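Peer 1: This is the structure I have questions about; it appears just below.
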Amino acid sequence: MVEILNKAQWFILEPTVFISIKNNNTLFYNTLNSSILEYSDKQILEIANMLCSEENLYAISLSETQLNDINVRNFINDIRNNFMGDIVPTDISKKKPVQTMPFLEIRNDINGILHEIETGDYTDAESLELLGKDVVSQLNHLDLFITDHSSVTYKKPNILSCAYKQFTMNFLECDSSVKNILNLETIKKIIDDLFISNLSSINILGGNIFEHPEISEILSFLNKTSYYKNYYCNYEDIIALKDECLLHKLANNLNSLTVNICRPINKKVVFGLFKELNNLSGLRKLEFQVMIESEDDVAFFEAIFSETPDINCRYMPFFNGNNRTLFEDGVYLDKEDLIESAYDEYRIFQNMSLNTNYFGKLTINSRGDIYSNVNLDKLGNIINNKFADVIFNEIKSKKAWRKTRSSVQPCKDCTYNILCPPISNYEYTLNKFNSCKIR
Ligand code: SF4
């Protein structure tokens, strides 16, 4: 407890503590132990504002009157008990103690250059020239939809036509008369154009990738590249596959395979598939992406996968328009989740400046349209637009790569927006940016 004090004291906050102030609410977060303190009274708000000012840098003098106010004393006790700071008698240190506070350092990377562009007086063409290949080098991942067609009869084609907007997943064009493909020459050109990027991984998706007329040649070409390659298909696509050589060609070059699966399924067929895929040698990683529409689906698939513990699976909740409670119960964050997440300074600065779900990633669909997020308008097309222009516009517009919670309602007015994970595609689909149990 802070005893009754007769003199002014220095109040010092540790540099590991972040302060978030929105309206009259103040949140203190200690990156060392994930403790959170929240206040909504004016005195603490004033103290927080003083601590954050550039002239004070987390060290302020508190008057005798302030120190003996019950709210302020309780606040100081909270701060001390959570190892966030302390008070120091002014007669021990006459001068204000030297302290520092967390600063988002703007270095000479794309953020630094963009900062100059946004505050300087450049045209877009001059900006692009200034940034040069730094723009394209921000790209590190590509989702490539090589076809949007499949002749396989799926039990739930509706999932295949819209789940790709919620998580990485194949896309099926509903109009079966439309067949868009990226041919081998186009794929080669994309890879050539991205030579100066930092591309390190590619997801190759369909439709049914095995029905692409040049799939064998595409596999041969991509197998010669050093990118991490993950191929996506549906479990029905493999069952319908006549040419088993394709599967071996895919597996033989340390590629990864993700198999989408959802109910209804034939258990016997699925167990046969597990066995067949597990016997494929050369596959770097095999994973089943299980689409979940209800708690019942979770129990169903858990029972199946408990019988095959050597098979990796990833459960992906799918919003079908009628199962919002699945998300409210299982996906929405609460305070405990945030405390358990134990954010470090780096993660908080990332949350404040960019969206790690999207930054550095592009999607190209089988029409050649380029997206930074498939829930948003396209950025351009591989025929008409250069990657440098597309990426520059994306970075500048802050539509996806740099879209943070501080730019959307109601998160922009919430003290938790520095802690919550970046905006996800689920939130676009649910049309609700506060996918949490907090606000
Ligand atoms: S999701 Fe948005 S509203 Fe909810 S706690 Fe996070 S920042 Fe606040």
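Chain labels run A, B, ... following the order of the structure tokens; each chain numbers its residues from 1, and ligands are numbered from 1 in the order shown.
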How close does each residue of chain A get to ligand 1, giving the shortest atom pair and distance in Å to one decimal for every residue with an atom at most 7 Å away, counting only C-alpha atoms and all ligand atoms, sorted by chain and residue number, as a Markdown table?
Peer 2:
| residue | atom | partner | partner_atom_place_in_ligand_line | distance |
| --- | --- | --- | --- | --- |
| A:Arg405 | CA | ligand 1 | 7 (S) | 6.1 |
| A:Pro410 | CA | ligand 1 | 3 (S) | 5.5 |
| A:Cys411 | CA | ligand 1 | 2 (Fe) | 3.7 |
| A:Lys412 | CA | ligand 1 | 7 (S) | 6.8 |
| A:Cys414 | CA | ligand 1 | 8 (Fe) | 4.6 |
| A:Thr415 | CA | ligand 1 | 8 (Fe) | 6.5 |
| A:Tyr416 | CA | ligand 1 | 7 (S) | 4.7 |
| A:Asn417 | CA | ligand 1 | 7 (S) | 3.6 |
| A:Cys420 | CA | ligand 1 | 6 (Fe) | 4.7 |
| A:Phe433 | CA | ligand 1 | 2 (Fe) | 6.3 |
| A:Asn434 | CA | ligand 1 | 1 (S) | 3.9 |
| A:Ser435 | CA | ligand 1 | 1 (S) | 5.2 |
| A:Cys436 | CA | ligand 1 | 4 (Fe) | 4.6 |
| A:Lys437 | CA | ligand 1 | 4 (Fe) | 6.7 |
| A:Ile438 | CA | ligand 1 | 5 (S) | 4.9 |
| A:Arg439 | CA | ligand 1 | 3 (S) | 4.7 |
Peer 1: Keeping only C-alpha atoms, write the selected residues as a tab-separated table (two decimals), in the first residue's frame.
Peer 2:
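Wrote it out as again_6.tsv, contents follow:
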chain	number	residue	atom	x	y	z
A	405	ARG	CA	-8.16	-1.94	-36.05
A	410	PRO	CA	-16.03	0.15	-33.33
A	411	CYS	CA	-12.39	-0.95	-32.80
A	412	LYS	CA	-10.98	2.55	-33.44
A	414	CYS	CA	-11.58	0.68	-28.16
A	415	THR	CA	-8.52	0.65	-25.87
A	416	TYR	CA	-7.90	-3.00	-26.83
A	417	ASN	CA	-7.15	-2.21	-30.47
A	420	CYS	CA	-6.42	-7.61	-30.59
A	433	PHE	CA	-15.22	-5.96	-37.01
A	434	ASN	CA	-15.63	-6.45	-33.28
A	435	SER	CA	-15.53	-10.24	-33.27
A	436	CYS	CA	-14.96	-10.30	-29.54
A	437	LYS	CA	-16.72	-10.66	-26.23
A	438	ILE	CA	-15.07	-7.51	-24.93
A	439	ARG	CA	-16.91	-4.60	-26.60
Peer 1: Contacts of Ile364 in chain A at 10 Å or less, counting only C-alpha atoms, minus same-chain residues fewer than 3 places along, as a PyMOL selection string?
Peer 2: chain A and resi 142-146+182+190+367-372+374+378+380-382
Peer 1: Apply DSSP to the backbone of this structure and, from range 40-151 of chain A, keep only the residues in strand (DSSP E or B); write these as a list in words.
Peer 2: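 DSSP on the backbone gives strand (DSSP E or B) at Ala59, Ile60, Ser61, Leu62, Gly85, Asp86, Ile87, Val88, Pro89, His141, Leu142, Asp143, Leu144, Phe145 and Thr147 of chain A.
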Peer 1: Take the residues from that selection and write them out as a short mmCIF file (atom, residue, chain, number, x, y, z; two decimals), in the first residue's frame, keeping C-alpha atoms.
Peer 2:
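After the write, result.cif holds the following:
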data_model
loop_
_atom_site.label_atom_id
_atom_site.label_comp_id
_atom_site.auth_asym_id
_atom_site.auth_seq_id
_atom_site.Cartn_x
_atom_site.Cartn_y
_atom_site.Cartn_z
CA ALA A 59 8.25 10.01 -15.69
CA ILE A 60 6.13 12.69 -13.99
CA SER A 61 5.88 14.44 -10.68
CA LEU A 62 2.73 13.79 -8.65
CA GLY A 85 6.14 1.19 -12.33
CA ASP A 86 6.86 2.89 -9.01
CA ILE A 87 7.13 6.16 -7.13
CA VAL A 88 10.45 7.72 -6.08
CA PRO A 89 10.75 10.44 -3.43
CA HIS A 141 3.43 -14.95 -50.54
CA LEU A 142 1.11 -15.74 -53.44
CA ASP A 143 -2.21 -17.60 -53.64
CA LEU A 144 -2.52 -18.75 -57.24
CA PHE A 145 -5.89 -20.05 -58.45
CA THR A 147 -8.52 -22.95 -62.49
#
Peer 1: In Å, rounded to a single decimal, give me how far CA of Phe349 in chain A is from CA of Ile418 in chain A.
Peer 2: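 Going from CA of Ile418 in chain A over to CA of Phe349 in chain A, I get 7.8 Å.
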Peer 1: Name the residues of range 15-173 of chain A that fall into helix (DSSP H, G or I) according to DSSP on the backbone, using the chain letters and numbers of this document, as an MDAnalysis selection string.
Peer 2: chainID A and resid 42:52 64:67 70:81 110:119 124:134 136:138 157:165
Peer 1: Export C-alpha atoms of the chosen residues as a short mmCIF file (atom, residue, chain, number, x, y, z; two decimals), in the first residue's frame?
Peer 2:
data_model
loop_
_atom_site.label_atom_id
_atom_site.label_comp_id
_atom_site.auth_asym_id
_atom_site.auth_seq_id
_atom_site.Cartn_x
_atom_site.Cartn_y
_atom_site.Cartn_z
CA LYS A 42 -10.62 11.45 -15.28
CA GLN A 43 -7.73 11.64 -12.80
CA ILE A 44 -6.09 8.50 -14.19
CA LEU A 45 -6.75 9.70 -17.72
CA GLU A 46 -4.91 12.94 -16.94
CA ILE A 47 -1.99 11.06 -15.42
CA ALA A 48 -1.86 8.73 -18.44
CA ASN A 49 -1.84 11.67 -20.85
CA MET A 50 0.98 13.31 -18.88
CA LEU A 51 3.01 10.08 -18.85
CA CYS A 52 2.67 9.72 -22.63
CA GLU A 64 0.99 15.69 -2.45
CA THR A 65 -2.70 16.32 -3.12
CA GLN A 66 -2.75 13.88 -6.04
CA LEU A 67 -0.86 11.24 -4.09
CA ILE A 70 -7.84 7.58 -2.84
CA ASN A 71 -8.28 6.88 -6.62
CA VAL A 72 -4.69 7.83 -7.41
CA ARG A 73 -3.36 5.83 -4.46
CA ASN A 74 -5.29 2.75 -5.56
CA PHE A 75 -4.01 3.26 -9.10
CA ILE A 76 -0.38 3.47 -7.92
CA ASN A 77 -0.87 0.32 -5.87
CA ASP A 78 -2.22 -1.47 -8.95
CA ILE A 79 0.75 -0.28 -11.00
CA ARG A 80 3.24 -1.45 -8.37
CA ASN A 81 1.51 -4.79 -7.81
CA ILE A 110 8.90 0.87 -46.75
CA ASN A 111 7.14 2.50 -43.78
CA GLY A 112 9.84 5.13 -43.52
CA ILE A 113 9.78 5.91 -47.22
CA LEU A 114 6.00 5.98 -47.25
CA HIS A 115 6.04 8.32 -44.32
CA GLU A 116 8.15 10.68 -46.44
CA ILE A 117 5.83 10.30 -49.39
CA GLU A 118 2.71 10.93 -47.32
CA THR A 119 4.20 13.99 -45.68
CA ASP A 124 2.53 8.87 -57.44
CA ALA A 125 4.92 8.41 -60.39
CA GLU A 126 7.74 10.16 -58.49
CA SER A 127 6.93 8.11 -55.39
CA LEU A 128 7.09 4.88 -57.34
CA GLU A 129 10.42 5.88 -58.83
CA LEU A 130 11.71 6.72 -55.36
CA LEU A 131 10.57 3.42 -53.90
CA GLY A 132 11.81 1.40 -56.87
CA LYS A 133 12.10 -2.28 -56.24
CA ASP A 134 11.47 -1.82 -52.51
CA VAL A 136 7.85 -5.39 -55.09
CA SER A 137 10.22 -6.74 -52.44
CA GLN A 138 7.39 -6.42 -49.89
CA PRO A 157 -20.71 -27.03 -53.93
CA ASN A 158 -21.95 -23.92 -52.10
CA ILE A 159 -19.02 -24.21 -49.68
CA LEU A 160 -16.61 -24.35 -52.59
CA SER A 161 -18.06 -21.21 -54.12
CA CYS A 162 -17.73 -18.99 -51.05
CA ALA A 163 -15.48 -20.45 -48.30
CA TYR A 164 -12.39 -19.00 -50.05
CA LYS A 165 -13.48 -15.60 -48.74
#
Peer 1: Kindly provide the residues of range 228-256 of chain A that approach range 270-280 of chain A to within 8 Å, each paired with its closest atom pair and their distance in Å to one decimal, based on only C-alpha atoms, listed by chain and increasing number, as JSON lines.
Peer 2:
{"residue": "A:Ile239", "atom": "CA", "partner": "A:Leu273", "partner_atom": "CA", "distance": 7.6}
{"residue": "A:His248", "atom": "CA", "partner": "A:Leu280", "partner_atom": "CA", "distance": 6.8}
{"residue": "A:Ala251", "atom": "CA", "partner": "A:Leu280", "partner_atom": "CA", "distance": 6.6}
Peer 1: For CA of Tyr232 in chain A and CA of Asn322 in chain A, quote the distance in Å rounded to one decimal.
Peer 2: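 Rounded to one decimal, the two atoms are 26.5 Å apart.
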Peer 1: Give me the residues within 10 Å of Gln350 in chain A as a ChimeraX atom specification, counting only C-alpha atoms and dropping any in the same chain fewer than 6 places off.
Peer 2: /A:104,356,402,404,418-419,421-422
Peer 1: For the residues selected in the previous step, produce a file with N, CA and C atoms as a compact mmCIF listing (two decimals), in the first residue's frame.
Peer 2:
# COMPACT_ATOMS: atom_id res chain seq x y z
N LEU A 104 7.22 3.72 -31.79
CA LEU A 104 7.24 3.03 -33.07
C LEU A 104 8.33 3.66 -33.91
N THR A 356 -0.99 -8.18 -40.26
CA THR A 356 -0.12 -9.33 -40.57
C THR A 356 -0.88 -10.46 -41.27
N ARG A 402 -2.20 -2.61 -44.81
CA ARG A 402 -1.95 -1.70 -43.68
C ARG A 402 -3.26 -1.32 -42.97
N THR A 404 -5.55 -1.48 -40.11
CA THR A 404 -5.46 -1.87 -38.70
C THR A 404 -6.81 -1.63 -38.01
N ILE A 418 -4.82 -2.12 -29.72
CA ILE A 418 -3.38 -2.41 -29.90
C ILE A 418 -3.08 -3.88 -29.59
N LEU A 419 -4.00 -4.55 -28.90
CA LEU A 419 -3.76 -5.93 -28.48
C LEU A 419 -4.47 -6.96 -29.36
N PRO A 421 -5.86 -9.30 -32.25
CA PRO A 421 -5.24 -9.76 -33.49
C PRO A 421 -5.77 -8.94 -34.69
N PRO A 422 -5.02 -8.91 -35.80
CA PRO A 422 -5.46 -8.09 -36.93
C PRO A 422 -6.81 -8.54 -37.48
Peer 1: Near Glu54 in chain A, within 12 Å and counting only C-alpha atoms, which residues show up once chain neighbours fewer than 6 positions away are dropped, as a VMD selection string?
Peer 2: chain A and resid 60 99 to 103
Peer 1: Could you save the residues just selected, with N, CA and C atoms, as a PDB file, in the first residue's frame?
Peer 2:
ATOM      1  N   ILE A  60       6.807  11.426 -14.334  1.00  0.00           N
ATOM      2  CA  ILE A  60       6.133  12.689 -13.992  1.00  0.00           C
ATOM      3  C   ILE A  60       6.207  12.909 -12.480  1.00  0.00           C
ATOM      4  N   GLN A  99      13.846   8.394 -18.119  1.00  0.00           N
ATOM      5  CA  GLN A  99      13.062   7.210 -18.449  1.00  0.00           C
ATOM      6  C   GLN A  99      12.809   7.231 -19.953  1.00  0.00           C
ATOM      7  N   THR A 100      12.366   6.098 -20.500  1.00  0.00           N
ATOM      8  CA  THR A 100      12.000   6.071 -21.922  1.00  0.00           C
ATOM      9  C   THR A 100      10.650   5.383 -22.059  1.00  0.00           C
ATOM     10  N   MET A 101      10.038   5.523 -23.207  1.00  0.00           N
ATOM     11  CA  MET A 101       8.746   4.871 -23.429  1.00  0.00           C
ATOM     12  C   MET A 101       8.743   4.200 -24.801  1.00  0.00           C
ATOM     13  N   PRO A 102       7.835   3.225 -25.021  1.00  0.00           N
ATOM     14  CA  PRO A 102       7.855   2.542 -26.316  1.00  0.00           C
ATOM     15  C   PRO A 102       7.524   3.503 -27.461  1.00  0.00           C
ATOM     16  N   PHE A 103       8.380   3.513 -28.480  1.00  0.00           N
ATOM     17  CA  PHE A 103       8.151   4.350 -29.663  1.00  0.00           C
ATOM     18  C   PHE A 103       8.131   3.462 -30.892  1.00  0.00           C
TER      19      PHE A 103
END
Peer 1: Pick out the closest residue to Asn30 in chain A from this set: A:Leu283, A:Ile339, A:Ala303, A:Cys262. Count only C-alpha atoms.
Peer 2: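 Answer, going by the shortest atom-to-atom distance: A:Ile339.
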Peer 1: Smallest atom-to-atom distance to Leu362 in chain A: which of A:Glu55, A:Asp334, A:Asp389, A:Glu394, using only C-alpha atoms?
Peer 2: A:Glu394
